[in-house]
Structure formats: C-alpha cells, structure tokens
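Q: Quick one: the structure is below, and I'll ask about it shortly.
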Amino acid sequence: MISNATEKAELLNNFFSSVFTRESVDSIPLPDSCFTGSVDQRLCDITVDASVIADKLHALRPDKSAGDDNLSPRFLKDLSAEIATTVSLIFRKSLDTSCVPRDWPTAVVSPLFKKGRRSEPENYRPVSLTSQIIKVIESVLRDEIVKHLDKFTLIKQSKHGFRQGYSCVSNLLSFLESVTASVDAKQ
C-alpha cells in the first residue's frame with residue numbers, strides 16, 4: 001500500500017505510460033488533393049474577431065476544471081468582454097509567428113476513478129486538463145476551417161462526426177438508406 005503522494009503519482013504515471021499507444025509518424029499517408037478552387041480561394045489565414053472570442057468565452061461552462069494556466073472557466077466567462085480583445089491579439093500573434101504561449105498546449109493529467117478497488121492503478125483513467133483559452137482558440141479555428149471546407153464542398157457527404165447538423169445517428173440512417181436502396185434495386 002502506497003501512502004506518499006509522489007509515489008502514488010509515479011505509480012499512476014507508470015501505469016498510464018504502459019498502456020499509452022504511440023503511433024508511428026513515419027508512415028502518415030499524404031491526403032489526396034481534392035481542392036478545386038483557385039489559389040485565392042485557399043484558406044491561408046483566419047480572421048481573429050474579438051467579438052467571436054468574447055462569445056465563446058462567455059459560453060464556457062463554469063463547472064469545468066482549469067488547465068495548467070489555472071484560469072478557471074468561471075473567471076474567463078465573467079471577464080469575457082474585458083479580456084476578449086487581449087486574447088484575440090495573442091491569438092493573432094500566435095498565428096503570425098507560429099508560436100503559442102507555453103500554457104496553451106500543456107495539460108495536467110489527473111487520474112479519474114472508474115470502478116473496482118481504488119488501490120489498483122488500472123481502475124483509473126487519465127484525464128487531461130487543458131487550458132480553457134486554448135479550447136476557445138481551437139473552437140474558433142475549427143469553425144473557420146469547417147466553414148471553408150463547407151464553402152468549397154471539401155467534406156464528403158459521408159462524413160458526419162464533426163459537422164453541425166450531423167451525428168452518428170444521421171450517419172447510421174444514411175448508411176441504412178443506402179443498404180436498403182441497394183437491396184430494393186436487386187429485387
């Protein structure tokens with residue numbers, strides 16, 4: 001039985017590291033080029049709008065945990081109007097320099113009990129607590145990228161997982177429709 005906090009952390013760290021999957025980055029396939037627009041239609045930059053940042057900060061769930069930067073979502077939500085311009089300037093600088101503040105990509109890994117005996121490390125799963133600000137920034141990036149992909153029809157209709165108005169259920173229904181259509185065609 002371990003009672004020292006550092007030894008507990010080491011035990012959990014060793015367990016989490018042992019089950020972590022490391023994927024090879026040596027054999028990543030190159031994507032097929034499917035962009036049919038002109039050069040001036042490529043997504044080369046993203047507009048950083050302070051009002052969008054303010055809205056996303058204001059929409060943060062205050063009951064979530066802070067990341068390595070210790071900025072709680074409640075704090076960011078309450079001050080969203082006051083800090084939105086500063087966050088947007090930092091975001092803009094980050095895009096221009098290809099550098100991000102140290103706290104943004106850093107995560108605090110915390111063990112979350114699943115079930116079974118609390119004394120067994122395999123009964124915990126790691127949860128990464130990341131900066132709420134980077135989640136806002138990632139959301140802005142995602143929205144802009146998806147908007148661009150939709151505008152130029154670069155997302156196949158079969159992709160449902162991360163698109164607004166689509167879900168696993170809509171993907172399943174689409175698949176079932178195609179299966180039943182092919183069965184009906186054979187009859």
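Labels for the structure tokens follow display order: chains A, B, ..., residues from 1 in each chain, ligands from 1.
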Within 12 Å of Lys156 (chain A), counting only C-alpha atoms, which residues qualify if same-chain residues fewer than 5 places away don't, as a PyMOL selection string?
A: chain A and resi 34+149-150+161+163+171
Q: Residues of region 10-172 of chain A classed as strand (DSSP E) by DSSP on the backbone are to be reported as a list in words.
A: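 These are the residues in question: Ala107, Val108, Val109, Ser110, Pro111, Leu112, Phe113, Tyr124, Arg125, Pro126, Val127, Ser128, Leu129 and Thr130 of chain A.
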Q: List the neighbours of region 2-12 of chain A out to 12 Å using only C-alpha atoms; skip same-chain residues closer than 5 positions along the sequence, and give me the result as number ranges by chain.
A: A: 17-19, 109-113, 118-127
Q: Applying 12 Å and only C-alpha atoms, which residues near Ser158 (chain A) remain after dropping the ones on its own chain fewer than 4 positions away? List them as an mmCIF file with N, CA and C atoms, in the first residue's frame.
A:
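As a result, selection08.cif now contains:
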```cif
data_model
loop_
_atom_site.group_PDB
_atom_site.id
_atom_site.type_symbol
_atom_site.label_atom_id
_atom_site.label_comp_id
_atom_site.auth_asym_id
_atom_site.auth_seq_id
_atom_site.Cartn_x
_atom_site.Cartn_y
_atom_site.Cartn_z
ATOM 1 N N LEU A 154 -15.559 20.508 -49.665
ATOM 2 C CA LEU A 154 -14.382 19.665 -49.491
ATOM 3 C C LEU A 154 -14.598 18.542 -48.480
ATOM 4 N N PHE A 162 -18.194 15.486 -37.133
ATOM 5 C CA PHE A 162 -17.891 16.784 -36.536
ATOM 6 C C PHE A 162 -18.608 17.937 -37.226
ATOM 7 N N ARG A 163 -19.585 17.633 -38.047
ATOM 8 C CA ARG A 163 -20.293 18.680 -38.777
ATOM 9 C C ARG A 163 -21.596 19.037 -38.086
ATOM 10 N N TYR A 166 -25.107 17.069 -38.199
ATOM 11 C CA TYR A 166 -24.823 15.675 -38.489
ATOM 12 C C TYR A 166 -24.401 14.982 -37.196
ATOM 13 N N SER A 167 -24.548 13.655 -37.167
ATOM 14 C CA SER A 167 -24.182 12.906 -35.968
ATOM 15 C C SER A 167 -23.964 11.455 -36.345
ATOM 16 N N CYS A 168 -23.645 10.659 -35.364
ATOM 17 C CA CYS A 168 -23.528 9.207 -35.594
ATOM 18 C C CYS A 168 -24.864 8.649 -36.045
ATOM 19 N N SER A 170 -27.267 10.274 -37.764
ATOM 20 C CA SER A 170 -27.526 10.630 -39.163
ATOM 21 C C SER A 170 -26.647 9.797 -40.100
ATOM 22 N N ASN A 171 -25.424 9.477 -39.669
ATOM 23 C CA ASN A 171 -24.544 8.626 -40.474
ATOM 24 C C ASN A 171 -25.120 7.221 -40.581
ATOM 25 N N LEU A 172 -25.614 6.694 -39.477
ATOM 26 C CA LEU A 172 -26.228 5.364 -39.481
ATOM 27 C C LEU A 172 -27.468 5.344 -40.367
ATOM 28 N N LEU A 173 -28.307 6.356 -40.269
ATOM 29 C CA LEU A 173 -29.508 6.421 -41.109
ATOM 30 C C LEU A 173 -29.145 6.508 -42.583
ATOM 31 N N SER A 174 -28.116 7.281 -42.905
ATOM 32 C CA SER A 174 -27.664 7.398 -44.288
ATOM 33 C C SER A 174 -27.154 6.054 -44.804
ATOM 34 N N PHE A 175 -26.392 5.355 -43.962
ATOM 35 C CA PHE A 175 -25.885 4.033 -44.336
ATOM 36 C C PHE A 175 -27.034 3.050 -44.550
ATOM 37 N N SER A 178 -28.763 3.634 -47.782
ATOM 38 C CA SER A 178 -28.019 3.146 -48.950
ATOM 39 C C SER A 178 -28.094 1.626 -49.059
#
```
Q: Leaving out region 101-106 of chain A and any residue of its chain fewer than 3 positions from it, which residues lie within 6 Å of it when counting only C-alpha atoms, given as a PyMOL selection string?
A: chain A and resi 68-69+131+134
Q: What's around Val108 (chain A) at 8 Å? Count only C-alpha atoms, leave out sequence neighbours fewer than 5 positions away in its own chain, and write the answer as a VMD selection string.
A: chain A and resid 67 to 68 128 to 130
Q: Do you have the CA of Ser139 (chain A)-CA of Asp55 (chain A) distance handy?
A: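 Spanning CA of Ser139 (chain A) to CA of Asp55 (chain A) is a straight-line distance of 11.3 Å.
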Q: How would you write, as a PyMOL selection string, the set of residues in region 28-174 of chain A that DSSP gives as alpha helix (DSSP H)?
A: chain A and resi 50-58+73-78+80-97+132-151+168-174
Q: Quote the spacing between CA of Gln157 (chain A) and CA of Leu176 (chain A) in Å to one decimal place.
A: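 Between CA of Gln157 (chain A) and CA of Leu176 (chain A) the gap works out to 14.5 Å.
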Q: Using only C-alpha atoms, can you tell me which of A:Met1, A:Val25, A:Ala81, A:Leu89 comes closest to Ile137 (chain A)?
A: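 Selected residue with least distance to Ile137 (chain A): A:Leu89.
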Q: In Å, rounded to a single decimal, give me how far CA of Asp49 (chain A) is from CA of Val140 (chain A).
A: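 CA of Asp49 (chain A) lies at a distance of 9.3 Å from CA of Val140 (chain A).
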Q: List the neighbours of region 56-58 of chain A out to 10 Å using only C-alpha atoms; skip same-chain residues closer than 4 positions along the sequence, and give me the result as a list of chain:residue names.
A: A:Ala50, A:Ser51, A:Val52, A:Pro62, A:Pro73, A:Arg74, A:Phe75, A:Leu76, A:Lys77, A:Asp78, A:Leu79, A:Ser80, A:Ala81, A:Ile83, A:Ala84, A:Val87, A:Gln132, A:Ile133, A:Lys135, A:Val136, A:Ile137, A:Ser139, A:Val140
